[in-house]
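Text of target.tsv (TSV, C-alpha atoms) as supplied:
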chain	number	residue	atom	x	y	z
A	1	MET	CA	30.43	115.41	19.60
A	2	ASP	CA	28.58	115.47	22.89
A	3	PRO	CA	31.27	115.71	25.65
A	4	THR	CA	29.57	113.03	27.78
A	5	ALA	CA	29.52	110.63	24.83
A	6	ALA	CA	33.20	111.34	24.12
A	7	LYS	CA	34.00	110.68	27.79
A	8	LEU	CA	32.21	107.33	27.79
A	9	ILE	CA	33.82	106.26	24.49
A	10	GLY	CA	37.22	107.23	25.89
A	11	ALA	CA	36.62	105.15	29.02
A	12	GLY	CA	35.67	102.18	26.84
A	13	ILE	CA	38.78	102.55	24.69
A	14	ALA	CA	40.96	102.78	27.82
A	15	CYS	CA	39.73	99.35	28.89
A	16	ILE	CA	41.34	97.74	25.81
A	17	GLY	CA	44.64	98.04	27.67
A	18	MET	CA	43.45	95.44	30.15
A	19	GLY	CA	43.61	92.83	27.38
A	20	GLY	CA	47.39	93.22	27.27
A	21	ALA	CA	47.65	92.70	31.02
A	22	GLY	CA	45.43	89.63	30.63
A	23	VAL	CA	47.84	88.15	28.07
A	24	GLY	CA	50.79	88.91	30.35
A	25	VAL	CA	49.24	87.37	33.46
A	26	GLY	CA	48.24	84.32	31.41
A	27	VAL	CA	51.81	83.90	30.13
A	28	ILE	CA	53.20	84.14	33.68
A	29	PHE	CA	50.83	81.61	35.26
A	30	GLY	CA	50.94	79.31	32.23
A	31	ASN	CA	54.73	79.17	32.22
A	32	TYR	CA	54.80	78.70	35.98
A	33	LEU	CA	52.38	75.79	35.71
A	34	ALA	CA	54.33	74.22	32.83
A	35	ALA	CA	57.56	74.46	34.83
A	36	ALA	CA	55.88	73.25	38.04
A	37	VAL	CA	54.55	70.14	36.29
A	38	ARG	CA	58.02	69.35	34.94
A	39	ASN	CA	59.76	69.82	38.27
A	40	PRO	CA	57.26	69.92	41.16
A	41	SER	CA	59.96	69.95	43.85
A	42	ALA	CA	61.30	73.33	42.65
A	43	ALA	CA	57.85	74.90	42.26
A	44	GLN	CA	57.40	76.02	45.88
A	45	GLY	CA	60.65	77.98	45.86
A	46	GLN	CA	59.51	80.07	42.89
A	47	PHE	CA	56.15	81.05	44.33
A	48	GLY	CA	57.45	84.43	45.49
A	49	ASN	CA	58.83	85.20	42.02
A	50	LEU	CA	55.50	84.16	40.52
A	51	ILE	CA	53.57	86.60	42.70
A	52	PHE	CA	56.12	89.35	42.03
A	53	GLY	CA	55.82	88.93	38.26
A	54	PHE	CA	52.05	88.76	38.54
A	55	ALA	CA	51.97	91.99	40.57
A	56	VAL	CA	54.21	93.93	38.18
A	57	THR	CA	52.25	92.77	35.12
A	58	GLU	CA	48.86	93.31	36.69
A	59	ALA	CA	49.77	96.87	37.67
A	60	LEU	CA	49.75	97.91	33.99
A	61	GLY	CA	46.24	96.57	33.49
A	62	ILE	CA	45.18	98.36	36.64
A	63	PHE	CA	46.61	101.61	35.25
A	64	SER	CA	44.33	101.40	32.20
A	65	LEU	CA	41.38	100.67	34.48
A	66	LEU	CA	42.39	103.73	36.50
A	67	ILE	CA	42.32	105.90	33.34
A	68	ALA	CA	38.82	104.60	32.60
A	69	LEU	CA	37.66	105.39	36.14
A	70	LEU	CA	39.23	108.85	36.00
A	71	LEU	CA	37.42	109.58	32.73
A	72	LEU	CA	34.13	108.34	34.12
A	73	PHE	CA	34.09	109.94	37.53
A	74	VAL	CA	36.61	112.80	37.67
A	75	PHE	CA	36.32	114.72	34.38
B	1	MET	CA	16.30	101.79	38.70
B	2	LYS	CA	19.82	103.20	38.75
B	3	ILE	CA	22.93	101.52	40.12
B	4	ASP	CA	25.13	103.71	42.31
B	5	PRO	CA	28.32	101.69	42.80
B	6	ILE	CA	30.42	104.64	44.02
B	7	HIS	CA	28.28	105.52	47.04
B	8	GLN	CA	29.98	102.87	49.22
B	9	PHE	CA	33.27	104.83	49.09
B	10	ASN	CA	31.84	108.05	50.55
B	11	ILE	CA	33.70	109.34	53.58
B	12	GLU	CA	31.23	110.70	56.11
B	13	PRO	CA	32.22	112.51	59.29
B	14	LEU	CA	30.81	110.83	62.41
B	15	PHE	CA	31.71	113.65	64.82
B	16	THR	CA	33.92	116.73	64.65
B	17	ILE	CA	37.08	116.94	66.72
B	18	GLY	CA	38.18	120.49	65.92
B	19	HIS	CA	39.28	122.94	63.24
B	20	ILE	CA	42.66	123.85	61.78
B	21	GLY	CA	42.14	127.07	59.80
B	22	ASN	CA	39.15	126.45	57.57
B	23	GLN	CA	39.71	122.71	57.58
B	24	THR	CA	37.44	120.57	59.74
B	25	ILE	CA	39.16	117.70	61.53
B	26	ALA	CA	36.51	115.01	61.91
B	27	PHE	CA	36.35	111.41	63.07
B	28	THR	CA	35.08	109.72	59.89
B	29	ASN	CA	33.83	106.25	59.03
B	30	SER	CA	37.31	105.68	57.54
B	31	SER	CA	38.91	106.38	60.94
B	32	LEU	CA	36.37	104.11	62.61
B	33	TYR	CA	37.23	101.16	60.37
B	34	MET	CA	40.96	101.77	60.81
B	35	LEU	CA	40.39	101.48	64.57
B	36	VAL	CA	38.29	98.34	64.04
B	37	THR	CA	41.12	96.82	61.97
B	38	VAL	CA	43.75	97.62	64.60
B	39	ALA	CA	41.45	96.28	67.35
B	40	ILE	CA	40.96	92.96	65.51
B	41	ILE	CA	44.72	92.55	64.99
B	42	SER	CA	45.45	93.45	68.62
B	43	ILE	CA	42.90	90.94	69.91
B	44	LEU	CA	44.28	88.27	67.57
B	45	MET	CA	47.89	88.82	68.62
B	46	LEU	CA	47.41	89.58	72.32
B	47	ALA	CA	44.47	87.40	73.37
B	48	SER	CA	45.52	84.29	71.48
B	49	GLY	CA	47.56	82.93	74.40
B	50	THR	CA	50.90	81.11	74.50
B	51	GLN	CA	49.90	77.48	74.95
B	52	LEU	CA	52.32	74.73	73.89
B	53	ILE	CA	49.48	73.10	71.96
B	54	PRO	CA	47.84	76.03	70.16
B	55	GLY	CA	44.09	76.54	69.98
B	56	ARG	CA	42.36	77.91	66.88
B	57	LEU	CA	43.02	81.60	67.59
B	58	GLN	CA	46.63	80.95	68.53
B	59	SER	CA	47.10	78.90	65.37
B	60	VAL	CA	45.97	81.83	63.23
B	61	ALA	CA	48.41	84.13	65.01
B	62	GLU	CA	51.30	81.66	64.67
B	63	ILE	CA	50.57	80.84	61.03
B	64	SER	CA	50.47	84.53	60.07
B	65	TYR	CA	53.77	85.10	61.93
B	66	GLU	CA	55.47	82.16	60.22
B	67	PHE	CA	54.04	83.14	56.83
B	68	VAL	CA	55.45	86.67	56.94
B	69	ALA	CA	58.75	85.53	58.47
B	70	SER	CA	59.36	82.93	55.74
B	71	THR	CA	58.47	85.48	53.05
B	72	ILE	CA	61.07	87.91	54.44
B	73	ARG	CA	63.75	85.22	54.80
B	74	SER	CA	63.30	84.01	51.22
B	75	THR	CA	63.28	87.45	49.56
B	76	ALA	CA	65.46	89.72	51.73
B	77	GLY	CA	67.59	87.14	53.57
B	78	ALA	CA	68.13	86.71	57.31
B	79	GLU	CA	69.21	90.38	57.60
B	80	GLY	CA	65.73	91.42	56.51
B	81	MET	CA	64.28	90.07	59.76
B	82	LYS	CA	65.12	93.36	61.50
B	83	PHE	CA	62.29	94.83	59.40
B	84	PHE	CA	59.87	92.11	60.51
B	85	PRO	CA	57.75	94.45	62.72
B	86	LEU	CA	57.24	96.89	59.81
B	87	ILE	CA	56.34	94.25	57.23
B	88	PHE	CA	54.16	92.25	59.61
B	89	SER	CA	52.22	95.39	60.59
B	90	LEU	CA	51.73	96.39	56.95
B	91	PHE	CA	50.63	92.89	55.96
B	92	MET	CA	48.19	92.45	58.84
B	93	PHE	CA	46.74	95.96	58.51
B	94	ILE	CA	46.09	95.62	54.78
B	95	CYS	CA	44.88	92.01	54.99
B	96	VAL	CA	42.45	92.61	57.86
B	97	SER	CA	41.15	95.92	56.48
B	98	ASN	CA	40.54	94.27	53.09
B	99	LEU	CA	38.72	91.34	54.70
B	100	VAL	CA	36.64	93.63	56.93
B	101	GLY	CA	35.74	95.69	53.85
B	102	ILE	CA	34.37	92.59	52.11
B	103	ILE	CA	31.55	92.35	54.66
B	104	PRO	CA	28.45	94.08	53.19
B	105	TYR	CA	27.66	97.62	54.45
B	106	THR	CA	31.16	98.13	55.81
B	107	PHE	CA	33.78	100.59	54.58
B	108	THR	CA	37.02	99.53	52.89
B	109	VAL	CA	39.92	101.59	54.24
B	110	SER	CA	42.34	100.50	51.50
B	111	SER	CA	39.98	101.55	48.68
B	112	HIS	CA	41.15	105.14	49.20
B	113	LEU	CA	44.27	106.30	47.40
B	114	ILE	CA	45.38	108.55	50.27
B	115	VAL	CA	45.67	105.57	52.65
B	116	THR	CA	47.64	103.38	50.25
B	117	VAL	CA	49.89	106.27	49.18
B	118	ALA	CA	50.72	106.94	52.83
B	119	LEU	CA	51.72	103.28	53.31
B	120	ALA	CA	53.71	103.17	50.05
B	121	LEU	CA	55.59	106.39	50.83
B	122	LEU	CA	56.43	105.01	54.27
B	123	VAL	CA	58.07	102.02	52.57
B	124	PHE	CA	59.76	104.21	49.93
B	125	PHE	CA	61.38	106.56	52.47
B	126	THR	CA	62.33	103.66	54.75
B	127	VAL	CA	64.22	102.06	51.84
B	128	LEU	CA	65.83	105.35	50.76
B	129	ILE	CA	66.90	106.53	54.24
B	130	TYR	CA	68.02	103.12	55.51
B	131	GLY	CA	69.84	102.38	52.25
B	132	VAL	CA	71.81	105.64	52.34
B	133	ALA	CA	72.47	105.38	56.09
B	134	LYS	CA	73.75	101.79	55.85
B	135	ASN	CA	75.67	101.86	52.55
B	136	GLY	CA	76.44	105.56	52.06
B	137	LEU	CA	76.97	106.45	48.40
B	138	LYS	CA	77.32	102.76	47.49
B	139	PHE	CA	73.53	102.58	47.74
B	140	PHE	CA	73.29	104.37	44.39
B	141	LYS	CA	74.95	101.37	42.72
B	142	ILE	CA	71.43	99.99	42.36
B	143	PHE	CA	71.05	102.42	39.46
B	144	VAL	CA	74.15	101.02	37.69
B	145	PRO	CA	73.66	97.35	36.80
B	146	HIS	CA	76.75	95.18	36.34
B	147	GLY	CA	77.99	94.18	32.91
B	148	VAL	CA	76.12	96.79	30.87
B	149	PRO	CA	78.16	98.12	27.88
B	150	GLY	CA	79.25	101.76	28.31
B	151	TYR	CA	77.38	103.16	25.33
B	152	ILE	CA	74.00	101.94	26.58
B	153	LEU	CA	74.66	102.75	30.28
B	154	PRO	CA	73.11	106.28	30.30
B	155	LEU	CA	69.85	104.91	28.93
B	156	VAL	CA	69.80	102.02	31.42
B	157	MET	CA	70.57	104.38	34.31
B	158	PHE	CA	67.77	106.70	33.22
B	159	ILE	CA	65.30	103.78	33.19
B	160	GLU	CA	66.53	102.49	36.57
B	161	VAL	CA	66.20	105.92	38.22
B	162	LEU	CA	62.75	106.42	36.70
B	163	SER	CA	61.54	103.00	37.81
B	164	PHE	CA	62.90	103.62	41.32
B	165	PHE	CA	60.87	106.81	41.70
B	166	LEU	CA	57.77	105.26	40.13
B	167	ARG	CA	57.79	102.46	42.73
B	168	PRO	CA	55.55	104.20	45.30
B	169	VAL	CA	53.11	105.08	42.48
B	170	SER	CA	52.60	101.51	41.29
B	171	HIS	CA	52.88	100.14	44.84
B	172	SER	CA	49.96	102.25	46.05
B	173	ILE	CA	47.77	102.31	42.94
B	174	ARG	CA	47.85	98.51	42.67
B	175	LEU	CA	46.25	97.99	46.07
B	176	PHE	CA	43.84	100.92	45.75
B	177	ALA	CA	42.62	100.10	42.23
B	178	ASN	CA	42.23	96.39	42.99
B	179	MET	CA	40.00	97.07	45.97
B	180	LEU	CA	38.08	99.83	44.18
B	181	ALA	CA	37.47	97.79	41.01
B	182	GLY	CA	36.53	94.66	42.96
B	183	HIS	CA	33.95	96.44	45.09
B	184	ILE	CA	32.47	98.28	42.08
B	185	ALA	CA	32.19	94.99	40.15
B	186	LEU	CA	30.40	93.35	43.12
B	187	LYS	CA	27.93	96.24	43.37
B	188	VAL	CA	27.25	96.31	39.62
B	189	PHE	CA	26.56	92.57	39.38
B	190	ALA	CA	24.42	92.61	42.53
B	191	GLY	CA	22.51	95.54	41.01
B	192	PHE	CA	21.59	93.40	37.97
B	193	VAL	CA	19.42	91.18	40.22
B	194	ALA	CA	17.30	94.14	41.33
B	195	MET	CA	17.22	95.64	37.81
B	196	LEU	CA	15.90	92.38	36.31
B	197	GLY	CA	13.35	91.88	39.07
B	198	PHE	CA	11.92	95.39	39.05
B	199	SER	CA	11.74	95.67	35.25
B	200	LEU	CA	10.48	92.18	34.27
B	201	GLY	CA	8.48	91.12	37.35
B	202	ALA	CA	8.29	87.40	38.22
B	203	VAL	CA	10.31	86.29	35.16
B	204	GLY	CA	12.98	88.79	36.11
B	205	TRP	CA	13.25	87.54	39.69
B	206	VAL	CA	13.72	83.95	38.43
B	207	GLY	CA	16.26	85.11	35.85
B	208	GLY	CA	18.02	87.06	38.60
B	209	VAL	CA	19.40	83.78	39.92
B	210	LEU	CA	22.13	83.98	37.25
B	211	PRO	CA	23.65	87.34	38.28
B	212	LEU	CA	23.21	86.29	41.92
B	213	ALA	CA	25.30	83.16	41.31
B	214	LEU	CA	27.90	85.31	39.56
B	215	THR	CA	27.94	87.70	42.53
B	216	ILE	CA	28.65	84.81	44.90
B	217	ALA	CA	31.48	83.58	42.64
B	218	LEU	CA	32.91	87.13	42.49
B	219	TYR	CA	32.66	87.30	46.27
B	220	ALA	CA	34.89	84.23	46.60
B	221	LEU	CA	37.31	85.80	44.14
B	222	GLU	CA	37.33	89.05	46.14
B	223	ILE	CA	38.26	87.19	49.33
B	224	LEU	CA	41.21	85.69	47.46
B	225	VAL	CA	42.16	89.13	46.06
B	226	ALA	CA	41.92	90.71	49.52
B	227	PHE	CA	44.52	88.29	50.86
B	228	LEU	CA	46.63	88.25	47.69
B	229	GLN	CA	46.96	92.05	47.52
B	230	ALA	CA	48.14	92.18	51.14
B	231	TYR	CA	50.70	89.47	50.30
B	232	VAL	CA	51.78	91.34	47.14
B	233	PHE	CA	52.21	94.56	49.13
B	234	ALA	CA	54.31	92.72	51.74
B	235	ILE	CA	56.49	90.87	49.21
B	236	LEU	CA	57.17	94.05	47.20
B	237	THR	CA	58.17	95.77	50.45
B	238	CYS	CA	60.62	92.89	51.09
B	239	ILE	CA	62.05	93.18	47.55
B	240	TYR	CA	62.51	96.95	47.87
B	241	LEU	CA	64.14	96.52	51.30
B	242	ASN	CA	66.45	93.91	49.77
B	243	ASP	CA	67.84	96.72	47.55
B	244	ALA	CA	68.66	98.75	50.66
B	245	LEU	CA	70.21	95.74	52.45
B	246	HIS	CA	72.22	94.38	49.52
B	247	PRO	CA	72.75	97.12	46.88
B	248	GLY	CA	74.37	96.33	43.53
B	249	HIS	CA	72.78	93.74	41.30
Give the structure from the file, written as structure tokens.
Amino acid sequence: MDPTAAKLIGAGIACIGMGGAGVGVGVIFGNYLAAAVRNPSAAQGQFGNLIFGFAVTEALGIFSLLIALLLLFVF
Amino acid sequence: MKIDPIHQFNIEPLFTIGHIGNQTIAFTNSSLYMLVTVAIISILMLASGTQLIPGRLQSVAEISYEFVASTIRSTAGAEGMKFFPLIFSLFMFICVSNLVGIIPYTFTVSSHLIVTVALALLVFFTVLIYGVAKNGLKFFKIFVPHGVPGYILPLVMFIEVLSFFLRPVSHSIRLFANMLAGHIALKVFAGFVAMLGFSLGAVGWVGGVLPLALTIALYALEILVAFLQAYVFAILTCIYLNDALHPGH
């Protein structure tokens, strides 16, 4: 196979990982919203935890993006 | 018509300061925008005045102070306030440099891994050194969670140690990759307008309204991300410092 083609296919496959991060971020914000609607007075206190969970989950999606960028521009 | 979304991240020397060995030490566009960022923060904090009834500029300064202070108090407790200068500087530097980078034809300081790694390692070593200095060997209790059965403890400890040393990696790559990906996405979608126009003529220019609208929407999103990533960096710093202040889960 042509190395450039293999590189581009690899970068495309690496981006599948972002789907998992999308599911995770959706679960976090969805559950936060569900809980905030049930008990709005407690919602503000959990905002920090929400952002922390979002950051940790999002990092994994960013890692797969990073692999794609490395394949595209470094190799 | 070819899109070149990476060109905006080039570091170009503006003038040369000197040489160390074969290495040229130059004042680059990255250095220039770091100075611009620091100048904006200094003007905001120093020139905003101390009126009893704050004006607009003073309100921005007071709101950013209160915002960071309440974040520290809620995640690291009142003891964490001794790290307020560190966290406030990190938050303001990242937030302002991200927002300056959003302006077209400027340079984004935080889109370079070396800058974010330097900031993340600063936080990592602050936590490690302060934690050991304050708690002695008790600091290492953060690797041994309470109430874990003995037979699974080695595995849990291994994971805890690994995740502790991977903190600066994820801390820095998160900020860097978010800014890099956001700016590339903006450039690519803006490039679609020109591609349509130059390849299809008048029809293309009319059709180019769609990617243009998407670019504007992405722009709004990027402003949110610029602030959010600075907040995420600050809150993770608070959480890591909380380990040094109160070790043992």
Query raised in the report: From the list B:Gly191, B:Pro54, B:Gly101, B:Gly182, which residue is nearest chain A when using all atoms listed in the file?
Result: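 Among the listed residues, B:Gly182 lies closest to chain A.
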**Report entry** Residues of chain B within 9 Å of chain A, counting all atoms listed in the file, as a PyMOL selection string
**Finding:** chain B and resi 71+74-75+170-171+173-174+177-178+181+228-229+231-233+235-236+239
**Report entry** Among listed residues B:Leu196, B:Leu186, B:Ile142, B:Ala118, nearest Val156 of chain B (using all atoms listed in the file)
**Finding:**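 Ranking B:Leu196, B:Leu186, B:Ile142, B:Ala118 by distance to Val156 of chain B, first place goes to B:Ile142.
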Query raised in the report: atom CA of Gly150 of chain B to atom CA of Val127 of chain B: how many Å, to one decimal?
Result: 27.9 Å
Residues within 12 Å of (39.7, 98.1, 47.1), counting only C-alpha atoms, listed as a compact mmCIF listing (two decimals) with C-alpha atoms, in the frame of the given file:
# COMPACT_ATOMS: atom_id res chain seq x y z
CA ILE A 62 45.18 98.36 36.64
CA ILE B 6 30.42 104.64 44.02
CA GLN B 8 29.98 102.87 49.22
CA PHE B 9 33.27 104.83 49.09
CA ILE B 94 46.09 95.62 54.78
CA CYS B 95 44.88 92.01 54.99
CA SER B 97 41.15 95.92 56.48
CA ASN B 98 40.54 94.27 53.09
CA LEU B 99 38.72 91.34 54.70
CA VAL B 100 36.64 93.63 56.93
CA GLY B 101 35.74 95.69 53.85
CA ILE B 102 34.37 92.59 52.11
CA PHE B 107 33.78 100.59 54.58
CA THR B 108 37.02 99.53 52.89
CA VAL B 109 39.92 101.59 54.24
CA SER B 110 42.34 100.50 51.50
CA SER B 111 39.98 101.55 48.68
CA HIS B 112 41.15 105.14 49.20
CA LEU B 113 44.27 106.30 47.40
CA VAL B 115 45.67 105.57 52.65
CA THR B 116 47.64 103.38 50.25
CA SER B 172 49.96 102.25 46.05
CA ILE B 173 47.77 102.31 42.94
CA ARG B 174 47.85 98.51 42.67
CA LEU B 175 46.25 97.99 46.07
CA PHE B 176 43.84 100.92 45.75
CA ALA B 177 42.62 100.10 42.23
CA ASN B 178 42.23 96.39 42.99
CA MET B 179 40.00 97.07 45.97
CA LEU B 180 38.08 99.83 44.18
CA ALA B 181 37.47 97.79 41.01
CA GLY B 182 36.53 94.66 42.96
CA HIS B 183 33.95 96.44 45.09
CA ILE B 184 32.47 98.28 42.08
CA ALA B 185 32.19 94.99 40.15
CA LEU B 186 30.40 93.35 43.12
CA GLU B 222 37.33 89.05 46.14
CA ILE B 223 38.26 87.19 49.33
CA VAL B 225 42.16 89.13 46.06
CA ALA B 226 41.92 90.71 49.52
CA PHE B 227 44.52 88.29 50.86
CA GLN B 229 46.96 92.05 47.52
CA ALA B 230 48.14 92.18 51.14
Query raised in the report: Phe125 of chain B: which residues within 12 Å, counting only C-alpha atoms, same-chain residues fewer than 2 positions away excluded, as number ranges by chain?
Result: B: 117-123, 127-133, 164-165, 167-168, 237, 240-241, 244
Report task. Could you check how far atom CA of Val169 of chain B sits from atom CA of Ile114 of chain B, in Å to one decimal? Result -> 11.5 Å
Query raised in the report: So what do you get for atom CA of Glu79 of chain B versus atom CA of Asn242 of chain B, distance-wise?
Result: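 Answer for the atom CA of Glu79 of chain B to atom CA of Asn242 of chain B separation: 9.0 Å.
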Report task. Excluding Ala5 of chain A and residues on its chain fewer than 6 positions from it, collect all residues at most 12 Å away from it, counting only C-alpha atoms, and give them as a PyMOL selection string. Result -> chain A and resi 11-12+71-72
Report task. For Leu44 of chain B, list every protein, DNA or RNA residue within 12 Å, evaluated using all atoms listed in the file, and leave out those in the same chain fewer than 6 positions away; present the list as number ranges by chain. Result -> B: 37-38, 50, 55-65, 92, 96
Requested in this report: Write out as a PyMOL selection string the residues lying within 12 Å of Leu33 of chain A, counting all atoms listed in the file and excluding same-chain residues fewer than 3 positions away.
Outcome: chain A and resi 26-30+36-40+42-44+46-47+50
Grab all the atoms of segment 42-59 of chain A that the file lists, wrap them in a box along x, y and z, add 5 Å per side, and give me centre plus edge lengths in Å (one decimal) as JSON.
{"center_x": 55.1, "center_y": 85.1, "center_z": 40.5, "size_x": 22.4, "size_y": 33.5, "size_z": 20.8}
